[in-house]
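J.: What follows is work.cif, mmCIF, C-alpha atoms.
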```cif
data_my_file
#
loop_
_atom_site.group_PDB
_atom_site.id
_atom_site.type_symbol
_atom_site.label_atom_id
_atom_site.label_comp_id
_atom_site.auth_asym_id
_atom_site.auth_seq_id
_atom_site.Cartn_x
_atom_site.Cartn_y
_atom_site.Cartn_z
ATOM 1 C CA MET A 1 0.000 0.000 0.000
ATOM 2 C CA PRO A 2 1.485 3.423 -0.977
ATOM 3 C CA ASP A 3 2.274 5.754 1.901
ATOM 4 C CA ILE A 4 0.184 8.798 2.775
ATOM 5 C CA ALA A 5 2.757 11.181 1.315
ATOM 6 C CA PHE A 6 2.536 9.555 -2.130
ATOM 7 C CA LEU A 7 -1.273 9.485 -2.074
ATOM 8 C CA THR A 8 -1.339 13.135 -1.025
ATOM 9 C CA THR A 9 0.992 13.979 -3.885
ATOM 10 C CA ALA A 10 -1.218 12.011 -6.283
ATOM 11 C CA PHE A 11 -4.324 13.851 -5.063
ATOM 12 C CA VAL A 12 -2.748 17.287 -5.335
ATOM 13 C CA THR A 13 -1.340 16.484 -8.780
ATOM 14 C CA LEU A 14 -4.678 15.304 -10.193
ATOM 15 C CA PHE A 15 -6.666 18.037 -8.441
ATOM 16 C CA VAL A 16 -4.477 20.784 -9.881
ATOM 17 C CA ILE A 17 -4.485 19.301 -13.395
ATOM 18 C CA ILE A 18 -8.205 18.450 -13.534
ATOM 19 C CA ASP A 19 -9.073 21.655 -11.601
ATOM 20 C CA PRO A 20 -12.631 20.883 -10.423
ATOM 21 C CA ILE A 21 -13.061 24.413 -9.048
ATOM 22 C CA GLY A 22 -12.068 26.015 -12.338
ATOM 23 C CA LEU A 23 -14.368 23.715 -14.314
ATOM 24 C CA ALA A 24 -17.514 24.782 -12.432
ATOM 25 C CA PRO A 25 -17.858 28.129 -14.291
ATOM 26 C CA LEU A 26 -17.278 26.302 -17.596
ATOM 27 C CA PHE A 27 -20.195 23.996 -16.808
ATOM 28 C CA ILE A 28 -22.592 26.972 -16.941
ATOM 29 C CA PRO A 29 -22.198 27.988 -20.604
ATOM 30 C CA LEU A 30 -21.720 24.385 -21.734
ATOM 31 C CA THR A 31 -25.140 23.459 -20.296
ATOM 32 C CA ALA A 32 -26.927 26.740 -21.023
ATOM 33 C CA GLY A 33 -30.697 26.298 -21.417
ATOM 34 C CA MET A 34 -30.829 22.989 -19.524
ATOM 35 C CA ASP A 35 -32.914 22.484 -16.388
ATOM 36 C CA VAL A 36 -31.513 21.120 -13.115
ATOM 37 C CA ARG A 37 -32.296 17.491 -13.974
ATOM 38 C CA GLN A 38 -30.672 17.698 -17.413
ATOM 39 C CA ARG A 39 -27.566 19.302 -15.949
ATOM 40 C CA ARG A 40 -27.324 16.595 -13.296
ATOM 41 C CA ILE A 41 -27.546 13.904 -15.972
ATOM 42 C CA VAL A 42 -24.817 15.623 -18.018
ATOM 43 C CA ALA A 43 -22.611 15.958 -14.924
ATOM 44 C CA VAL A 44 -23.058 12.296 -13.950
ATOM 45 C CA ARG A 45 -22.411 11.061 -17.484
ATOM 46 C CA ALA A 46 -19.348 13.289 -17.916
ATOM 47 C CA CYS A 47 -17.810 12.176 -14.614
ATOM 48 C CA ILE A 48 -18.455 8.480 -15.271
ATOM 49 C CA ILE A 49 -16.945 8.673 -18.766
ATOM 50 C CA ALA A 50 -13.966 10.676 -17.506
ATOM 51 C CA ALA A 51 -13.342 8.220 -14.665
ATOM 52 C CA ALA A 52 -13.528 5.299 -17.109
ATOM 53 C CA LEU A 53 -11.076 6.955 -19.518
ATOM 54 C CA LEU A 54 -8.614 7.789 -16.744
ATOM 55 C CA THR A 55 -8.884 4.229 -15.416
ATOM 56 C CA VAL A 56 -8.071 2.787 -18.844
ATOM 57 C CA PHE A 57 -5.118 5.110 -19.274
ATOM 58 C CA GLY A 58 -3.901 4.470 -15.748
ATOM 59 C CA LEU A 59 -3.832 0.724 -16.323
ATOM 60 C CA ALA A 60 -2.864 0.498 -19.988
ATOM 61 C CA GLY A 61 -2.429 4.012 -21.410
ATOM 62 C CA GLU A 62 1.239 3.858 -22.268
ATOM 63 C CA THR A 63 0.799 0.446 -23.896
ATOM 64 C CA ILE A 64 -2.206 1.603 -25.908
ATOM 65 C CA LEU A 65 -0.485 4.715 -27.254
ATOM 66 C CA SER A 66 2.765 2.965 -28.109
ATOM 67 C CA THR A 67 0.912 0.070 -29.756
ATOM 68 C CA ILE A 68 -0.911 2.332 -32.185
ATOM 69 C CA GLY A 69 2.151 4.520 -32.691
ATOM 70 C CA ILE A 70 0.946 7.662 -30.912
ATOM 71 C CA SER A 71 3.383 9.585 -28.743
ATOM 72 C CA MET A 72 2.314 11.506 -25.649
ATOM 73 C CA PRO A 73 3.334 14.848 -27.251
ATOM 74 C CA ALA A 74 1.057 14.108 -30.222
ATOM 75 C CA PHE A 75 -1.725 13.266 -27.779
ATOM 76 C CA GLN A 76 -1.221 16.606 -25.985
ATOM 77 C CA ILE A 77 -1.300 18.559 -29.250
ATOM 78 C CA SER A 78 -4.512 16.884 -30.466
ATOM 79 C CA GLY A 79 -6.205 17.532 -27.123
ATOM 80 C CA GLY A 80 -5.192 21.179 -27.338
ATOM 81 C CA VAL A 81 -6.686 21.534 -30.815
ATOM 82 C CA LEU A 82 -10.006 20.019 -29.708
ATOM 83 C CA LEU A 83 -10.117 22.300 -26.671
ATOM 84 C CA PHE A 84 -9.410 25.336 -28.843
ATOM 85 C CA LEU A 85 -12.439 24.560 -31.032
ATOM 86 C CA THR A 86 -14.623 24.569 -27.916
ATOM 87 C CA ALA A 87 -13.092 27.884 -26.861
ATOM 88 C CA LEU A 88 -14.080 29.413 -30.215
ATOM 89 C CA ASP A 89 -17.691 28.308 -29.688
ATOM 90 C CA MET A 90 -17.736 30.039 -26.313
ATOM 91 C CA LEU A 91 -16.016 33.219 -27.521
ATOM 92 C CA PHE A 92 -18.411 33.697 -30.446
ATOM 93 C CA ASP A 93 -21.545 32.430 -28.633
ATOM 94 C CA ARG A 94 -22.291 29.608 -31.070
ATOM 95 C CA ARG A 95 -24.348 27.738 -28.478
ATOM 96 C CA GLN A 96 -27.387 30.019 -28.954
ATOM 97 C CA PRO A 97 -29.915 27.275 -29.962
ATOM 98 C CA ARG A 98 -30.120 26.134 -26.310
ATOM 99 C CA ARG A 99 -32.214 28.986 -25.020
ATOM 100 C CA GLU A 100 -35.568 29.146 -23.291
ATOM 101 C CA GLY A 101 -38.554 28.466 -25.497
ATOM 102 C CA HIS A 102 -36.559 26.454 -28.015
ATOM 103 C CA ALA A 103 -37.206 22.763 -28.316
ATOM 104 C CA GLN A 104 -34.164 22.118 -30.482
ATOM 105 C CA GLN A 105 -31.168 20.849 -28.493
ATOM 106 C CA SER A 106 -27.463 21.360 -29.138
ATOM 107 C CA PRO A 107 -25.151 18.349 -29.000
ATOM 108 C CA ASP A 108 -24.720 16.804 -25.553
ATOM 109 C CA PRO A 109 -21.544 18.290 -23.971
ATOM 110 C CA SER A 110 -21.074 15.424 -21.512
ATOM 111 C CA VAL A 111 -18.687 13.439 -23.736
ATOM 112 C CA PHE A 112 -17.024 16.374 -25.493
ATOM 113 C CA PRO A 113 -15.778 18.666 -24.118
ATOM 114 C CA LEU A 114 -16.664 17.886 -20.466
ATOM 115 C CA ALA A 115 -15.487 14.277 -20.117
ATOM 116 C CA MET A 116 -12.680 14.791 -22.618
ATOM 117 C CA PRO A 117 -10.602 16.893 -22.793
ATOM 118 C CA LEU A 118 -11.711 19.005 -19.783
ATOM 119 C CA LEU A 119 -11.922 16.288 -17.107
ATOM 120 C CA ALA A 120 -9.894 13.531 -18.741
ATOM 121 C CA GLY A 121 -7.493 15.687 -20.706
ATOM 122 C CA PRO A 122 -3.999 14.864 -21.948
ATOM 123 C CA GLY A 123 -2.465 16.148 -18.720
ATOM 124 C CA ALA A 124 -4.713 14.026 -16.518
ATOM 125 C CA MET A 125 -4.189 10.938 -18.670
ATOM 126 C CA ALA A 126 -0.427 11.415 -18.670
ATOM 127 C CA SER A 127 -0.496 11.934 -14.900
ATOM 128 C CA MET A 128 -2.394 8.688 -14.380
ATOM 129 C CA ILE A 129 0.179 6.825 -16.456
ATOM 130 C CA LEU A 130 3.072 8.343 -14.499
ATOM 131 C CA LEU A 131 1.488 7.888 -11.060
ATOM 132 C CA VAL A 132 0.565 4.253 -11.663
ATOM 133 C CA ASN A 133 4.054 3.575 -13.017
ATOM 134 C CA GLN A 134 5.485 4.798 -9.695
ATOM 135 C CA THR A 135 3.654 2.046 -7.833
ATOM 136 C CA GLU A 136 4.985 -1.493 -7.802
ATOM 137 C CA THR A 137 1.871 -3.422 -6.797
ATOM 138 C CA MET A 138 -1.717 -3.772 -7.926
ATOM 139 C CA THR A 139 -2.767 -2.425 -4.532
ATOM 140 C CA GLY A 140 -0.793 0.740 -5.236
ATOM 141 C CA ALA A 141 -2.377 1.100 -8.666
ATOM 142 C CA LEU A 142 -5.842 0.699 -7.151
ATOM 143 C CA ALA A 143 -5.016 3.347 -4.548
ATOM 144 C CA VAL A 144 -4.064 5.814 -7.292
ATOM 145 C CA HIS A 145 -7.348 5.116 -9.048
ATOM 146 C CA ALA A 146 -9.239 5.644 -5.794
ATOM 147 C CA VAL A 147 -7.599 9.064 -5.495
ATOM 148 C CA MET A 148 -8.594 9.824 -9.084
ATOM 149 C CA LEU A 149 -12.211 8.911 -8.330
ATOM 150 C CA LEU A 150 -12.139 11.263 -5.353
ATOM 151 C CA VAL A 151 -10.977 14.137 -7.557
ATOM 152 C CA VAL A 152 -13.576 13.382 -10.238
ATOM 153 C CA GLY A 153 -16.213 13.163 -7.486
ATOM 154 C CA SER A 154 -15.229 16.621 -6.281
ATOM 155 C CA ALA A 155 -15.656 17.887 -9.847
ATOM 156 C CA PHE A 156 -19.193 16.464 -9.844
ATOM 157 C CA ALA A 157 -19.927 18.325 -6.597
ATOM 158 C CA PHE A 158 -18.763 21.600 -8.119
ATOM 159 C CA PHE A 159 -20.855 20.932 -11.233
ATOM 160 C CA LEU A 160 -23.936 20.683 -9.009
ATOM 161 C CA LEU A 161 -23.138 24.129 -7.613
ATOM 162 C CA ALA A 162 -23.060 25.627 -11.117
ATOM 163 C CA PRO A 163 -26.791 26.644 -11.143
ATOM 164 C CA LEU A 164 -26.233 28.623 -7.936
ATOM 165 C CA LEU A 165 -23.355 30.440 -9.596
ATOM 166 C CA GLU A 166 -25.569 31.079 -12.620
ATOM 167 C CA ARG A 167 -28.280 32.700 -10.479
ATOM 168 C CA LEU A 168 -25.710 34.877 -8.768
ATOM 169 C CA LEU A 169 -24.219 36.007 -12.087
ATOM 170 C CA GLY A 170 -27.411 36.724 -14.062
ATOM 171 C CA ARG A 171 -27.632 36.895 -17.865
ATOM 172 C CA VAL A 172 -25.084 39.690 -18.291
ATOM 173 C CA GLY A 173 -22.684 38.075 -15.849
ATOM 174 C CA GLU A 174 -23.102 34.744 -17.648
ATOM 175 C CA MET A 175 -22.173 36.346 -20.967
ATOM 176 C CA VAL A 176 -19.082 37.906 -19.437
ATOM 177 C CA VAL A 177 -18.056 34.615 -17.814
ATOM 178 C CA THR A 178 -18.661 32.721 -21.066
ATOM 179 C CA ARG A 179 -16.353 35.032 -23.013
ATOM 180 C CA LEU A 180 -13.760 35.055 -20.235
ATOM 181 C CA MET A 181 -13.786 31.279 -19.875
ATOM 182 C CA GLY A 182 -13.588 30.938 -23.657
ATOM 183 C CA LEU A 183 -10.489 33.130 -23.645
ATOM 184 C CA LEU A 184 -8.939 31.128 -20.798
ATOM 185 C CA LEU A 185 -9.801 27.883 -22.575
ATOM 186 C CA ALA A 186 -8.104 29.146 -25.719
ATOM 187 C CA ALA A 187 -4.991 29.939 -23.672
ATOM 188 C CA LEU A 188 -5.114 26.517 -22.002
ATOM 189 C CA ALA A 189 -5.490 24.821 -25.387
ATOM 190 C CA THR A 190 -2.508 26.759 -26.722
ATOM 191 C CA GLN A 191 -0.486 25.681 -23.696
ATOM 192 C CA PHE A 192 -1.359 22.037 -24.390
ATOM 193 C CA VAL A 193 -0.103 22.441 -27.949
ATOM 194 C CA LEU A 194 3.082 24.200 -26.806
ATOM 195 C CA ASN A 195 3.771 21.523 -24.185
ATOM 196 C CA GLY A 196 3.322 18.804 -26.777
ATOM 197 C CA ALA A 197 5.535 20.590 -29.295
ATOM 198 C CA ARG A 198 8.206 21.165 -26.645
ATOM 199 C CA ALA A 199 8.124 17.521 -25.560
ATOM 200 C CA ALA A 200 8.442 16.463 -29.194
ATOM 201 C CA GLY A 201 11.467 18.709 -29.633
ATOM 202 C CA VAL A 202 9.752 20.888 -32.226
ATOM 203 C CA ILE A 203 10.417 23.994 -30.125
ATOM 204 C CA GLY A 204 13.011 24.676 -27.472
ATOM 205 C CA GLY A 205 12.415 24.877 -23.729
#
```
Rewrite the coordinates I just gave you, this time as structure tokens.

T.:
Amino acid sequence: MPDIAFLTTAFVTLFVIIDPIGLAPLFIPLTAGMDVRQRRIVAVRACIIAAALLTVFGLAGETILSTIGISMPAFQISGGVLLFLTALDMLFDRRQPRREGHAQQSPDPSVFPLAMPLLAGPGAMASMILLVNQTETMTGALAVHAVMLLVVGSAFAFFLLAPLLERLLGRVGEMVVTRLMGLLLAALATQFVLNGARAAGVIGG
């Protein structure tokens, strides 16, 4: 069984990378127009899918990527590109169809971008691979996955608080937050691409 210090390090590492607190404001524009029940379903589905993806990558991620010839830098760059596309939607308010009085629904955000790449992004997947590789027993690997589930569970809790944040912000505040979060997402996506390019040796440190 890994010691407390290692598990604490694993928790802090995953919590900082996944950033459940920072994802709560993003949940608001991504689920705009949904009622409380719909948002809860999206949150549950996103967290379950993210936990499943991180579990797979924790147990066999490095093997999977190397088998199909994909390097971790390439994985980081592709995740950054996908995240940037979501940022553009938020910056230019392309999610307008999900407004009150409209029956037409936009695509479900639970798989993309919530589950991946926001919750189970390249950084989180790489961290799971590295953390599990530091353990020498199956018990240690299971402990790392238990820590991951705790972090994903905390993200779910913050998602449930999103409607409260929405009421506090109002429509104007929501628009400001949407644009701001879109800008931050674009920066985060660019950082993913830069990290991948740096790891691949395309650019210098």

J.: For the structure provided, state which residues fall under the PyMOL selection byres ((chain A and resi 12) around 12), and present them as a list in words.

T.: Ala5, Phe6, Leu7, Thr8, Thr9, Ala10, Phe11, Thr13, Leu14, Phe15, Val16, Ile17, Ile18, Asp19, Pro20, Ala124, Ser127, Leu131, Val144, Val147, Met148, Leu150 and Val151 of chain A

J.: Written as a PyMOL selection string, which residues does the PyMOL selection byres ((chain A and resi 79-86) around 8) give for the file shown?

T.: chain A and resi 75-78+87-90+113+117-118+121-122+182+185-186+188-193

J.: Based on the selection just made, write C-alpha atoms of those residues as a PDB file, keeping the file's coordinate frame.

T.:
```pdb
ATOM      1  CA  PHE A  75      -1.725  13.266 -27.779  1.00  0.00           C
ATOM      2  CA  GLN A  76      -1.221  16.606 -25.985  1.00  0.00           C
ATOM      3  CA  ILE A  77      -1.300  18.559 -29.250  1.00  0.00           C
ATOM      4  CA  SER A  78      -4.512  16.884 -30.466  1.00  0.00           C
ATOM      5  CA  ALA A  87     -13.092  27.884 -26.861  1.00  0.00           C
ATOM      6  CA  LEU A  88     -14.080  29.413 -30.215  1.00  0.00           C
ATOM      7  CA  ASP A  89     -17.691  28.308 -29.688  1.00  0.00           C
ATOM      8  CA  MET A  90     -17.736  30.039 -26.313  1.00  0.00           C
ATOM      9  CA  PRO A 113     -15.778  18.666 -24.118  1.00  0.00           C
ATOM     10  CA  PRO A 117     -10.602  16.893 -22.793  1.00  0.00           C
ATOM     11  CA  LEU A 118     -11.711  19.005 -19.783  1.00  0.00           C
ATOM     12  CA  GLY A 121      -7.493  15.687 -20.706  1.00  0.00           C
ATOM     13  CA  PRO A 122      -3.999  14.864 -21.948  1.00  0.00           C
ATOM     14  CA  GLY A 182     -13.588  30.938 -23.657  1.00  0.00           C
ATOM     15  CA  LEU A 185      -9.801  27.883 -22.575  1.00  0.00           C
ATOM     16  CA  ALA A 186      -8.104  29.146 -25.719  1.00  0.00           C
ATOM     17  CA  LEU A 188      -5.114  26.517 -22.002  1.00  0.00           C
ATOM     18  CA  ALA A 189      -5.490  24.821 -25.387  1.00  0.00           C
ATOM     19  CA  THR A 190      -2.508  26.759 -26.722  1.00  0.00           C
ATOM     20  CA  GLN A 191      -0.486  25.681 -23.696  1.00  0.00           C
ATOM     21  CA  PHE A 192      -1.359  22.037 -24.390  1.00  0.00           C
ATOM     22  CA  VAL A 193      -0.103  22.441 -27.949  1.00  0.00           C
TER      23      VAL A 193
END
```

J.: Rank nothing, just name the residue among A:Leu130, A:Met181, A:Ile48, A:Val152 nearest to Met72 in chain A, using all atoms listed in the file.

T.: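 The answer is A:Leu130, which sits nearest to Met72 in chain A.
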
J.: Go through A:Leu142, A:Leu59, A:Ala120, A:Ala74 and flag the residue nearest Ala197 in chain A, using all atoms listed in the file for the distances.

T.: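 Ranking A:Leu142, A:Leu59, A:Ala120, A:Ala74 by distance to Ala197 in chain A, first place goes to A:Ala74.
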
J.: Which one is closest to Leu160 in chain A: A:Ala187, A:Leu23, A:Asp3, A:Ala51? Count all atoms listed in the file.

T.: A:Leu23

J.: Step by step, work through what the PyMOL selection byres ((chain A and resi 50) around 7) selects in the shown file, and finish by giving those residues as a list in words.

T.: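 Checked against the file, the PyMOL selection byres ((chain A and resi 50) around 7) matches Ala46, Cys47, Ile48, Ile49, Ala51, Ala52, Leu53, Leu54, Ala115, Met116, Leu119 and Ala120 of chain A.
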
J.: Which residue is closest to Phe158 in chain A? Choose from A:Leu194, A:Ile28, A:Asn133, A:Leu180 and count all atoms listed in the file.

T.: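 Among A:Leu194, A:Ile28, A:Asn133, A:Leu180, it is A:Ile28 that comes nearest to Phe158 in chain A.
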
J.: Please, what distance in Å, to one decimal, runs between CA of Ala199 in chain A and CA of Pro73 in chain A?

T.: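 Atom-to-atom, CA of Ala199 in chain A to CA of Pro73 in chain A, that is 5.7 Å.
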
J.: Please compute the CA of Thr178 in chain A-CA of Val111 in chain A distance, one decimal, in Å.

T.: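 Between CA of Thr178 in chain A and CA of Val111 in chain A the gap works out to 19.5 Å.
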
J.: List every residue of range 97-169 of chain A that has an atom at most 8 Å from any atom of range 35-42 of chain A, giving for each one its closest atom pair and the distance in Å to one decimal, counting all atoms listed in the file, sorted by chain and then by ascending residue number, as CSV.

T.:
```
residue,atom,partner,partner_atom,distance
A:Asp108,CA,A:Val42,CA,7.6
A:Pro109,CA,A:Val42,CA,7.3
A:Ser110,CA,A:Val42,CA,5.1
A:Leu160,CA,A:Arg40,CA,6.8
A:Pro163,CA,A:Val36,CA,7.5
```

J.: Please measure the separation of CA of Met125 in chain A and CA of Val56 in chain A, giving the value in Å to one decimal.

T.: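 Answer for the CA of Met125 in chain A to CA of Val56 in chain A separation: 9.0 Å.
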
J.: When distances are computed from all atoms listed in the file, which of A:Phe156, A:Phe27, A:Leu149, A:Val132 shows the smallest separation from Ala60 in chain A?

T.: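 Closest to Ala60 in chain A, using all atoms listed in the file: A:Val132.
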
J.: Find, counting all atoms listed in the file, the residue in A:Thr67, A:Leu91, A:Ala146, A:Ala32 that gets nearest to Val176 in chain A.

T.: A:Leu91
